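What follows is upload_26.txt (compact mmCIF, C-alpha atoms).
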```
# COMPACT_ATOMS: atom_id res chain seq x y z
CA MET C 245 -15.91 -28.35 -0.48
CA SER C 246 -14.05 -28.57 -3.72
CA ALA C 247 -11.70 -25.84 -4.85
CA PRO C 248 -13.58 -22.88 -6.34
CA ASP C 249 -12.95 -22.05 -9.96
CA ALA C 250 -10.85 -18.88 -9.85
CA ALA C 251 -11.91 -17.79 -13.31
CA SER C 252 -15.59 -17.99 -12.41
CA ILE C 253 -15.11 -15.95 -9.24
CA HIS C 254 -12.79 -13.12 -10.20
CA ASP C 255 -10.21 -12.06 -12.69
CA ASP C 256 -6.75 -13.41 -11.96
CA ARG C 257 -5.86 -10.22 -10.09
CA PRO C 258 -8.71 -9.18 -7.77
CA ALA C 259 -9.35 -5.69 -6.52
CA ILE C 260 -7.92 -4.57 -3.19
CA PRO C 261 -10.39 -5.50 -0.42
CA THR C 262 -12.35 -2.78 1.36
CA ALA C 263 -11.84 -2.39 5.13
CA ALA C 264 -14.98 -4.44 5.80
CA GLN C 265 -13.85 -7.16 3.39
CA ALA C 266 -10.42 -7.19 5.05
CA ARG C 267 -12.10 -7.89 8.40
CA VAL C 268 -13.98 -10.81 6.84
CA ILE C 269 -10.72 -12.11 5.34
CA ASP C 270 -8.92 -11.86 8.70
CA ALA C 271 -11.75 -13.72 10.43
CA ALA C 272 -11.73 -16.38 7.72
CA LEU C 273 -7.96 -16.80 8.00
CA CYS C 274 -8.24 -17.32 11.76
CA SER C 275 -10.92 -19.94 11.23
CA PHE C 276 -8.95 -21.61 8.42
CA ALA C 277 -5.92 -21.85 10.70
CA ARG C 278 -7.94 -23.70 13.32
CA HIS C 279 -10.20 -25.85 11.15
CA GLY C 280 -8.66 -25.92 7.66
CA VAL C 281 -10.40 -24.38 4.69
CA GLY C 282 -12.62 -27.41 4.10
CA GLY C 283 -13.66 -27.48 7.76
CA THR C 284 -14.66 -23.82 7.92
CA SER C 285 -18.26 -22.77 7.30
CA LEU C 286 -19.76 -19.35 6.66
CA GLN C 287 -21.30 -19.54 10.12
CA MET C 288 -17.86 -20.08 11.68
CA ILE C 289 -16.53 -17.00 9.89
CA ALA C 290 -19.55 -14.99 11.01
CA ASP C 291 -19.05 -16.19 14.59
CA GLU C 292 -15.38 -15.19 14.44
CA LEU C 293 -16.48 -11.69 13.42
CA GLY C 294 -19.37 -11.55 15.86
CA VAL C 295 -21.94 -10.91 13.12
CA THR C 296 -24.74 -12.83 11.48
CA LYS C 297 -24.13 -14.99 8.45
CA ALA C 298 -26.42 -12.67 6.49
CA ALA C 299 -24.06 -9.76 7.28
CA LEU C 300 -21.26 -11.57 5.43
CA TYR C 301 -23.31 -11.47 2.24
CA PHE C 302 -22.90 -7.70 2.13
CA GLN C 303 -19.18 -8.24 1.56
CA TYR C 304 -19.00 -11.56 -0.32
CA ARG C 305 -21.74 -13.45 -2.13
CA THR C 306 -20.39 -16.93 -1.41
CA ARG C 307 -18.02 -18.84 0.84
CA ASP C 308 -15.91 -19.57 -2.24
CA GLU C 309 -15.41 -15.84 -2.75
CA ILE C 310 -14.16 -15.53 0.84
CA VAL C 311 -11.80 -18.47 0.33
CA PHE C 312 -10.47 -16.92 -2.87
CA ALA C 313 -10.07 -13.47 -1.27
CA ALA C 314 -8.25 -14.95 1.75
CA ALA C 315 -5.92 -16.95 -0.48
CA GLU C 316 -5.23 -13.87 -2.59
CA ALA C 317 -4.44 -11.84 0.53
CA GLU C 318 -1.82 -14.40 1.58
CA LEU C 319 -0.45 -14.65 -1.96
CA ALA C 320 -0.08 -10.84 -1.99
CA ARG C 321 2.17 -11.13 1.09
CA VAL C 322 4.36 -13.67 -0.72
CA GLU C 323 4.45 -11.40 -3.76
CA THR C 324 5.65 -8.53 -1.54
CA VAL C 325 8.54 -10.74 -0.39
CA ALA C 326 9.43 -11.53 -4.01
CA ALA C 327 9.29 -7.85 -5.02
CA ALA C 328 11.52 -6.77 -2.11
CA ALA C 329 14.04 -9.47 -2.99
CA GLU C 330 14.02 -8.57 -6.68
CA ALA C 331 14.87 -4.97 -5.74
CA GLN C 332 18.20 -6.03 -4.21
CA PRO C 333 21.39 -4.98 -6.06
CA SER C 334 22.86 -8.47 -6.49
CA LYS C 335 21.73 -12.07 -7.01
CA ARG C 336 23.25 -13.06 -3.67
CA ARG C 337 21.45 -10.30 -1.76
CA ALA C 338 18.22 -11.04 -3.63
CA ARG C 339 18.42 -14.70 -2.63
CA GLU C 340 19.13 -13.76 1.00
CA ALA C 341 16.19 -11.34 1.03
CA ALA C 342 13.88 -13.98 -0.44
CA ILE C 343 14.89 -16.60 2.11
CA ARG C 344 14.59 -14.17 5.02
CA GLY C 345 11.27 -12.86 3.70
CA ILE C 346 9.75 -16.32 3.39
CA VAL C 347 10.93 -17.29 6.86
CA ASP C 348 9.79 -14.00 8.42
CA LEU C 349 6.38 -14.27 6.78
CA ALA C 350 5.92 -17.84 7.97
CA ILE C 351 6.88 -16.94 11.53
CA GLU C 352 4.80 -13.78 11.59
CA ARG C 353 1.70 -15.67 10.45
CA ARG C 354 2.34 -19.02 12.15
CA ARG C 355 -0.24 -18.67 14.90
CA THR C 356 -3.00 -17.20 12.77
CA VAL C 357 -2.64 -18.53 9.24
CA GLY C 358 -0.28 -21.47 9.39
CA SER C 359 0.18 -23.23 6.09
CA LEU C 360 -2.81 -21.80 4.21
CA LEU C 361 -1.07 -21.90 0.83
CA SER C 362 -0.55 -25.66 1.22
CA ASP C 363 -4.16 -26.38 2.26
CA PRO C 364 -5.65 -28.87 -0.24
CA VAL C 365 -8.56 -26.57 -1.11
CA ILE C 366 -6.22 -23.62 -1.71
CA ALA C 367 -3.78 -25.81 -3.64
CA GLY C 368 -6.64 -26.85 -5.91
CA LEU C 369 -7.71 -23.26 -6.35
CA PHE C 370 -4.24 -22.15 -7.38
CA ARG C 371 -3.45 -25.12 -9.60
CA GLU C 372 -4.63 -23.20 -12.69
CA HIS C 373 -4.18 -19.69 -11.28
CA GLU C 374 -1.84 -17.59 -13.41
CA HIS C 375 -1.01 -15.05 -10.68
CA PHE C 376 0.04 -17.83 -8.29
CA HIS C 377 2.27 -19.40 -10.94
CA ASP C 378 3.81 -16.01 -11.69
CA VAL C 379 4.68 -15.39 -8.02
CA MET C 380 6.06 -18.92 -7.61
CA GLN C 381 8.18 -18.51 -10.77
CA ARG C 382 9.59 -15.27 -9.36
CA LEU C 383 10.55 -17.09 -6.15
CA ARG C 384 12.06 -19.91 -8.19
CA ASP C 385 14.15 -17.41 -10.16
CA LEU C 386 15.39 -15.94 -6.87
CA LEU C 387 16.15 -19.17 -5.07
CA VAL C 388 17.03 -21.80 -7.66
CA GLU C 389 19.93 -21.72 -10.07
CA PRO C 390 19.02 -21.34 -13.76
CA GLY C 391 18.85 -24.63 -15.63
CA ALA C 392 18.02 -26.66 -12.51
CA GLY C 393 15.10 -28.28 -14.34
CA PRO C 394 12.53 -30.35 -12.44
CA GLU C 395 14.94 -30.68 -9.53
CA GLY C 396 14.68 -26.92 -9.03
CA ASP C 397 10.88 -27.10 -8.90
CA VAL C 398 11.00 -29.93 -6.37
CA ARG C 399 13.65 -28.15 -4.32
CA LEU C 400 11.57 -24.95 -4.12
CA ALA C 401 8.38 -26.87 -3.32
CA MET C 402 10.14 -28.78 -0.56
CA LEU C 403 11.68 -25.64 0.91
CA VAL C 404 8.39 -23.73 1.02
CA ALA C 405 6.50 -26.77 2.36
CA ALA C 406 9.19 -27.43 4.98
CA ILE C 407 9.15 -23.86 6.24
CA SER C 408 5.36 -23.55 6.34
CA GLY C 409 5.01 -26.98 7.93
CA ALA C 410 7.77 -26.44 10.47
CA VAL C 411 6.36 -23.21 11.89
CA THR C 412 3.05 -24.89 12.75
CA HIS C 413 4.43 -28.23 13.94
CA PRO C 414 3.61 -29.21 17.54
CA TYR C 415 7.32 -29.68 18.31
CA VAL C 416 7.97 -25.96 17.88
CA VAL C 417 4.64 -24.44 18.88
CA ASP C 418 6.15 -22.99 22.08
CA LEU C 419 9.56 -22.20 20.61
CA ASP C 420 10.62 -18.55 20.72
CA ASP C 421 10.21 -16.83 17.34
CA GLU C 422 13.86 -15.70 17.21
CA ILE C 423 15.22 -19.17 17.90
CA LEU C 424 12.89 -20.65 15.29
CA ARG C 425 13.86 -17.94 12.79
CA ALA C 426 17.58 -18.60 13.27
CA GLU C 427 17.15 -22.35 12.80
CA LEU C 428 14.93 -21.98 9.74
CA LEU C 429 17.37 -19.59 8.10
CA ARG C 430 20.30 -21.90 8.83
CA LEU C 431 18.49 -24.96 7.50
CA ALA C 432 17.11 -23.15 4.42
CA HIS C 433 20.64 -22.13 3.44
CA ARG C 434 21.88 -25.64 4.00
CA PHE C 435 19.00 -27.11 1.98
CA LEU C 436 19.73 -24.77 -0.92
CA GLY C 437 23.46 -25.47 -0.68
CA LEU C 438 24.28 -21.84 0.15
CA ARG C 439 26.95 -20.46 2.45
CA ARG C 440 25.97 -17.79 4.97
```
Starting from the coordinates I provided, produce the structure as structure tokens.
Amino acid sequence: MSAPDAASIHDDRPAIPTAAQARVIDAALCSFARHGVGGTSLQMIADELGVTKAALYFQYRTRDEIVFAAAEAELARVETVAAAAEAQPSKRRAREAAIRGIVDLAIERRRTVGSLLSDPVIAGLFREHEHFHDVMQRLRDLLVEPGAGPEGDVRLAMLVAAISGAVTHPYVVDLDDEILRAELLRLAHRFLGLRR
């Protein structure tokens, strides 16, 4: 499946899902975590929910709509992290809150969602997605020094990819969440050149 065209599916900021749609999204996210977005069919999502494929059509017209809604749900979680960090009283505290929020979110979702935002289908979907770019720019402003140029973009991309990849890696699959959290926080600070 190629990445759906966000503009043809929804406005850049979709409506909040209904309870039934949220259940479809949760089922889709579980299936995406196991099979990847490209490897997940409507039937797999229906099976995860314990309903018929036809029942899904009452909530979403196409698989692409489900993919988009699931990606938006995860992006909303990242946006919540950015907003909480931006509310901090100082740049230092804002940066700390952003790092901790990203790490906490990755750990919280590591067994069900994994690295959804780095999935090739999702990456293609968000390539031209204004809301995604806005959230990523907010994280960049929190975590990267002004004037860092392309190096700042690469640094942020590597940090986010490293965290999301690390939490799902087979080497740490059985590692206690608190140990993993401590190591990720330590290494994120080191990567960004920050003292703790």
With the cut-off set at 10 Å and counting only C-alpha atoms, tabulate each residue of range 332-373 of chain C with an atom at most that distance from an atom of range 325-328 of chain C, showing the nearest atom pair and its distance in Å to one decimal, ordered by chain and increasing number, as a Markdown table.
```
| residue | atom | partner | partner_atom | distance |
| --- | --- | --- | --- | --- |
| C:Gln332 | CA | C:Ala328 | CA | 7.0 |
| C:Ala338 | CA | C:Ala328 | CA | 8.1 |
| C:Arg339 | CA | C:Ala326 | CA | 9.6 |
| C:Ala341 | CA | C:Ala328 | CA | 7.2 |
| C:Ala342 | CA | C:Ala326 | CA | 6.2 |
| C:Ile343 | CA | C:Val325 | CA | 9.0 |
| C:Arg344 | CA | C:Val325 | CA | 8.8 |
| C:Gly345 | CA | C:Val325 | CA | 5.4 |
| C:Ile346 | CA | C:Val325 | CA | 6.8 |
| C:Asp348 | CA | C:Val325 | CA | 9.5 |
| C:Leu349 | CA | C:Val325 | CA | 8.3 |
```
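Each of C:Glu323, C:Ala432, C:Thr306, C:Thr296 was checked against Ala405 in chain C using only C-alpha atoms; the smallest atom-to-atom distance is that of C:Ala432.
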Pick out the closest residue to Ala314 in chain C from this set: C:Ile351, C:Ala329, C:Ile269, C:Leu286. Count all atoms listed in the file.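 Residue with the minimum atom-to-atom distance to Ala314 in chain C: C:Ile269.
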Under the rule that all atoms listed in the file are counted, which of C:Ala392, C:Gln381, C:Gln303, C:Arg434 is the nearest residue to Val322 in chain C?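 Under the stated criterion, the closest residue is C:Gln381.
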Using only C-alpha atoms, the best pick from C:Lys297, C:Arg353, C:Arg336, C:Arg399 as closest to Ala277 in chain C would be C:Arg353
Using only C-alpha atoms, the shortest atom-to-atom distance to Ala410 in chain C among C:Asp363, C:Glu422, C:Asp378, C:Glu427 belongs to C:Glu427
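Nearest to Arg354 in chain C of all the residues C:Ile407, C:Ala317, C:Val281, C:Val295 is C:Ile407, based on only C-alpha atoms.
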CA of Ala263 in chain C and CA of Met288 in chain C are how many Å apart? 19.8 Å
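Relative to CA of Ser408 in chain C, CA of Phe312 in chain C is found at 19.5 Å.
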Residue neighbourhood Gly283 in chain C, 12 Å, all atoms listed in the file, exclusion window fewer than 2 positions, as a PyMOL selection string: chain C and resi 245-246+272+275-281+285-289+307+311+363-365
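For the atom pair formed by CA of Glu395 in chain C and CA of Val379 in chain C, the distance is 18.5 Å, given to one decimal.
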Grab range 369-407 of chain C from that structure and dump N, CA and C atoms to a file, as a PDB file, in the first residue's frame.
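In the end it all went to decode-v4.pdb:
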```pdb
ATOM      1  N   LEU C 369       2.960   9.336   4.503  1.00  0.00           N
ATOM      2  CA  LEU C 369       1.732  10.090   4.776  1.00  0.00           C
ATOM      3  C   LEU C 369       2.040  11.464   5.343  1.00  0.00           C
ATOM      4  N   PHE C 370       2.993  11.515   6.272  1.00  0.00           N
ATOM      5  CA  PHE C 370       3.294  12.769   6.950  1.00  0.00           C
ATOM      6  C   PHE C 370       4.282  13.674   6.214  1.00  0.00           C
ATOM      7  N   ARG C 371       4.865  13.179   5.137  1.00  0.00           N
ATOM      8  CA  ARG C 371       5.870  13.959   4.427  1.00  0.00           C
ATOM      9  C   ARG C 371       5.347  15.358   4.070  1.00  0.00           C
ATOM     10  N   GLU C 372       4.103  15.446   3.642  1.00  0.00           N
ATOM     11  CA  GLU C 372       3.518  16.727   3.239  1.00  0.00           C
ATOM     12  C   GLU C 372       2.438  17.203   4.215  1.00  0.00           C
ATOM     13  N   HIS C 373       2.432  16.678   5.410  1.00  0.00           N
ATOM     14  CA  HIS C 373       1.372  16.928   6.380  1.00  0.00           C
ATOM     15  C   HIS C 373       1.744  18.096   7.283  1.00  0.00           C
ATOM     16  N   GLU C 374       1.040  19.185   7.178  1.00  0.00           N
ATOM     17  CA  GLU C 374       1.380  20.413   7.900  1.00  0.00           C
ATOM     18  C   GLU C 374       1.355  20.237   9.417  1.00  0.00           C
ATOM     19  N   HIS C 375       0.370  19.532   9.935  1.00  0.00           N
ATOM     20  CA  HIS C 375       0.253  19.323  11.380  1.00  0.00           C
ATOM     21  C   HIS C 375       1.479  18.577  11.913  1.00  0.00           C
ATOM     22  N   PHE C 376       1.910  17.537  11.202  1.00  0.00           N
ATOM     23  CA  PHE C 376       3.097  16.786  11.600  1.00  0.00           C
ATOM     24  C   PHE C 376       4.322  17.708  11.638  1.00  0.00           C
ATOM     25  N   HIS C 377       4.490  18.507  10.602  1.00  0.00           N
ATOM     26  CA  HIS C 377       5.648  19.412  10.552  1.00  0.00           C
ATOM     27  C   HIS C 377       5.596  20.443  11.675  1.00  0.00           C
ATOM     28  N   ASP C 378       4.397  20.888  12.011  1.00  0.00           N
ATOM     29  CA  ASP C 378       4.240  21.841  13.111  1.00  0.00           C
ATOM     30  C   ASP C 378       4.674  21.211  14.439  1.00  0.00           C
ATOM     31  N   VAL C 379       4.216  19.999  14.706  1.00  0.00           N
ATOM     32  CA  VAL C 379       4.579  19.319  15.958  1.00  0.00           C
ATOM     33  C   VAL C 379       6.083  19.058  15.999  1.00  0.00           C
ATOM     34  N   MET C 380       6.648  18.600  14.891  1.00  0.00           N
ATOM     35  CA  MET C 380       8.092  18.337  14.858  1.00  0.00           C
ATOM     36  C   MET C 380       8.899  19.629  15.035  1.00  0.00           C
ATOM     37  N   GLN C 381       8.416  20.737  14.482  1.00  0.00           N
ATOM     38  CA  GLN C 381       9.112  22.013  14.669  1.00  0.00           C
ATOM     39  C   GLN C 381       9.054  22.442  16.132  1.00  0.00           C
ATOM     40  N   ARG C 382       7.934  22.196  16.783  1.00  0.00           N
ATOM     41  CA  ARG C 382       7.826  22.520  18.205  1.00  0.00           C
ATOM     42  C   ARG C 382       8.827  21.701  19.023  1.00  0.00           C
ATOM     43  N   LEU C 383       8.961  20.414  18.708  1.00  0.00           N
ATOM     44  CA  LEU C 383       9.953  19.585  19.399  1.00  0.00           C
ATOM     45  C   LEU C 383      11.366  20.076  19.104  1.00  0.00           C
ATOM     46  N   ARG C 384      11.612  20.450  17.862  1.00  0.00           N
ATOM     47  CA  ARG C 384      12.932  20.967  17.497  1.00  0.00           C
ATOM     48  C   ARG C 384      13.254  22.212  18.309  1.00  0.00           C
ATOM     49  N   ASP C 385      12.274  23.112  18.414  1.00  0.00           N
ATOM     50  CA  ASP C 385      12.485  24.347  19.184  1.00  0.00           C
ATOM     51  C   ASP C 385      12.790  24.050  20.651  1.00  0.00           C
ATOM     52  N   LEU C 386      12.211  22.977  21.169  1.00  0.00           N
ATOM     53  CA  LEU C 386      12.440  22.594  22.561  1.00  0.00           C
ATOM     54  C   LEU C 386      13.797  21.930  22.772  1.00  0.00           C
ATOM     55  N   LEU C 387      14.229  21.145  21.808  1.00  0.00           N
ATOM     56  CA  LEU C 387      15.384  20.281  22.022  1.00  0.00           C
ATOM     57  C   LEU C 387      16.679  20.716  21.342  1.00  0.00           C
ATOM     58  N   VAL C 388      16.578  21.561  20.340  1.00  0.00           N
ATOM     59  CA  VAL C 388      17.757  21.928  19.567  1.00  0.00           C
ATOM     60  C   VAL C 388      17.999  23.426  19.718  1.00  0.00           C
ATOM     61  N   GLU C 389      19.249  23.785  19.879  1.00  0.00           N
ATOM     62  CA  GLU C 389      19.596  25.197  20.043  1.00  0.00           C
ATOM     63  C   GLU C 389      19.259  25.988  18.778  1.00  0.00           C
ATOM     64  N   PRO C 390      18.798  27.219  18.930  1.00  0.00           N
ATOM     65  CA  PRO C 390      18.516  28.060  17.758  1.00  0.00           C
ATOM     66  C   PRO C 390      19.771  28.205  16.891  1.00  0.00           C
ATOM     67  N   GLY C 391      19.566  28.260  15.592  1.00  0.00           N
ATOM     68  CA  GLY C 391      20.674  28.435  14.670  1.00  0.00           C
ATOM     69  C   GLY C 391      21.465  27.176  14.393  1.00  0.00           C
ATOM     70  N   ALA C 392      20.969  26.015  14.826  1.00  0.00           N
ATOM     71  CA  ALA C 392      21.709  24.766  14.622  1.00  0.00           C
ATOM     72  C   ALA C 392      21.703  24.325  13.166  1.00  0.00           C
ATOM     73  N   GLY C 393      20.801  24.876  12.359  1.00  0.00           N
ATOM     74  CA  GLY C 393      20.764  24.546  10.939  1.00  0.00           C
ATOM     75  C   GLY C 393      20.411  23.094  10.684  1.00  0.00           C
ATOM     76  N   PRO C 394      20.880  22.571   9.541  1.00  0.00           N
ATOM     77  CA  PRO C 394      20.558  21.175   9.187  1.00  0.00           C
ATOM     78  C   PRO C 394      21.038  20.179  10.244  1.00  0.00           C
ATOM     79  N   GLU C 395      22.125  20.501  10.919  1.00  0.00           N
ATOM     80  CA  GLU C 395      22.614  19.605  11.965  1.00  0.00           C
ATOM     81  C   GLU C 395      21.550  19.409  13.040  1.00  0.00           C
ATOM     82  N   GLY C 396      20.811  20.468  13.362  1.00  0.00           N
ATOM     83  CA  GLY C 396      19.748  20.358  14.352  1.00  0.00           C
ATOM     84  C   GLY C 396      18.641  19.432  13.901  1.00  0.00           C
ATOM     85  N   ASP C 397      18.282  19.507  12.609  1.00  0.00           N
ATOM     86  CA  ASP C 397      17.253  18.617  12.076  1.00  0.00           C
ATOM     87  C   ASP C 397      17.708  17.163  12.145  1.00  0.00           C
ATOM     88  N   VAL C 398      18.959  16.931  11.753  1.00  0.00           N
ATOM     89  CA  VAL C 398      19.489  15.565  11.779  1.00  0.00           C
ATOM     90  C   VAL C 398      19.580  15.064  13.219  1.00  0.00           C
ATOM     91  N   ARG C 399      20.021  15.926  14.112  1.00  0.00           N
ATOM     92  CA  ARG C 399      20.147  15.542  15.519  1.00  0.00           C
ATOM     93  C   ARG C 399      18.793  15.125  16.099  1.00  0.00           C
ATOM     94  N   LEU C 400      17.749  15.933  15.832  1.00  0.00           N
ATOM     95  CA  LEU C 400      16.415  15.604  16.335  1.00  0.00           C
ATOM     96  C   LEU C 400      15.898  14.313  15.707  1.00  0.00           C
ATOM     97  N   ALA C 401      16.079  14.171  14.394  1.00  0.00           N
ATOM     98  CA  ALA C 401      15.624  12.950  13.713  1.00  0.00           C
ATOM     99  C   ALA C 401      16.313  11.722  14.289  1.00  0.00           C
ATOM    100  N   MET C 402      17.619  11.835  14.519  1.00  0.00           N
ATOM    101  CA  MET C 402      18.350  10.698  15.077  1.00  0.00           C
ATOM    102  C   MET C 402      17.898  10.376  16.492  1.00  0.00           C
ATOM    103  N   LEU C 403      17.656  11.399  17.290  1.00  0.00           N
ATOM    104  CA  LEU C 403      17.226  11.173  18.667  1.00  0.00           C
ATOM    105  C   LEU C 403      15.880  10.458  18.707  1.00  0.00           C
ATOM    106  N   VAL C 404      14.913  10.975  17.948  1.00  0.00           N
ATOM    107  CA  VAL C 404      13.580  10.372  17.939  1.00  0.00           C
ATOM    108  C   VAL C 404      13.647   8.948  17.387  1.00  0.00           C
ATOM    109  N   ALA C 405      14.396   8.754  16.297  1.00  0.00           N
ATOM    110  CA  ALA C 405      14.521   7.420  15.705  1.00  0.00           C
ATOM    111  C   ALA C 405      15.228   6.457  16.672  1.00  0.00           C
ATOM    112  N   ALA C 406      16.253   6.948  17.353  1.00  0.00           N
ATOM    113  CA  ALA C 406      16.987   6.100  18.292  1.00  0.00           C
ATOM    114  C   ALA C 406      16.097   5.662  19.449  1.00  0.00           C
ATOM    115  N   ILE C 407      15.326   6.585  19.987  1.00  0.00           N
ATOM    116  CA  ILE C 407      14.452   6.239  21.108  1.00  0.00           C
ATOM    117  C   ILE C 407      13.373   5.261  20.659  1.00  0.00           C
TER     118      ILE C 407
END
```
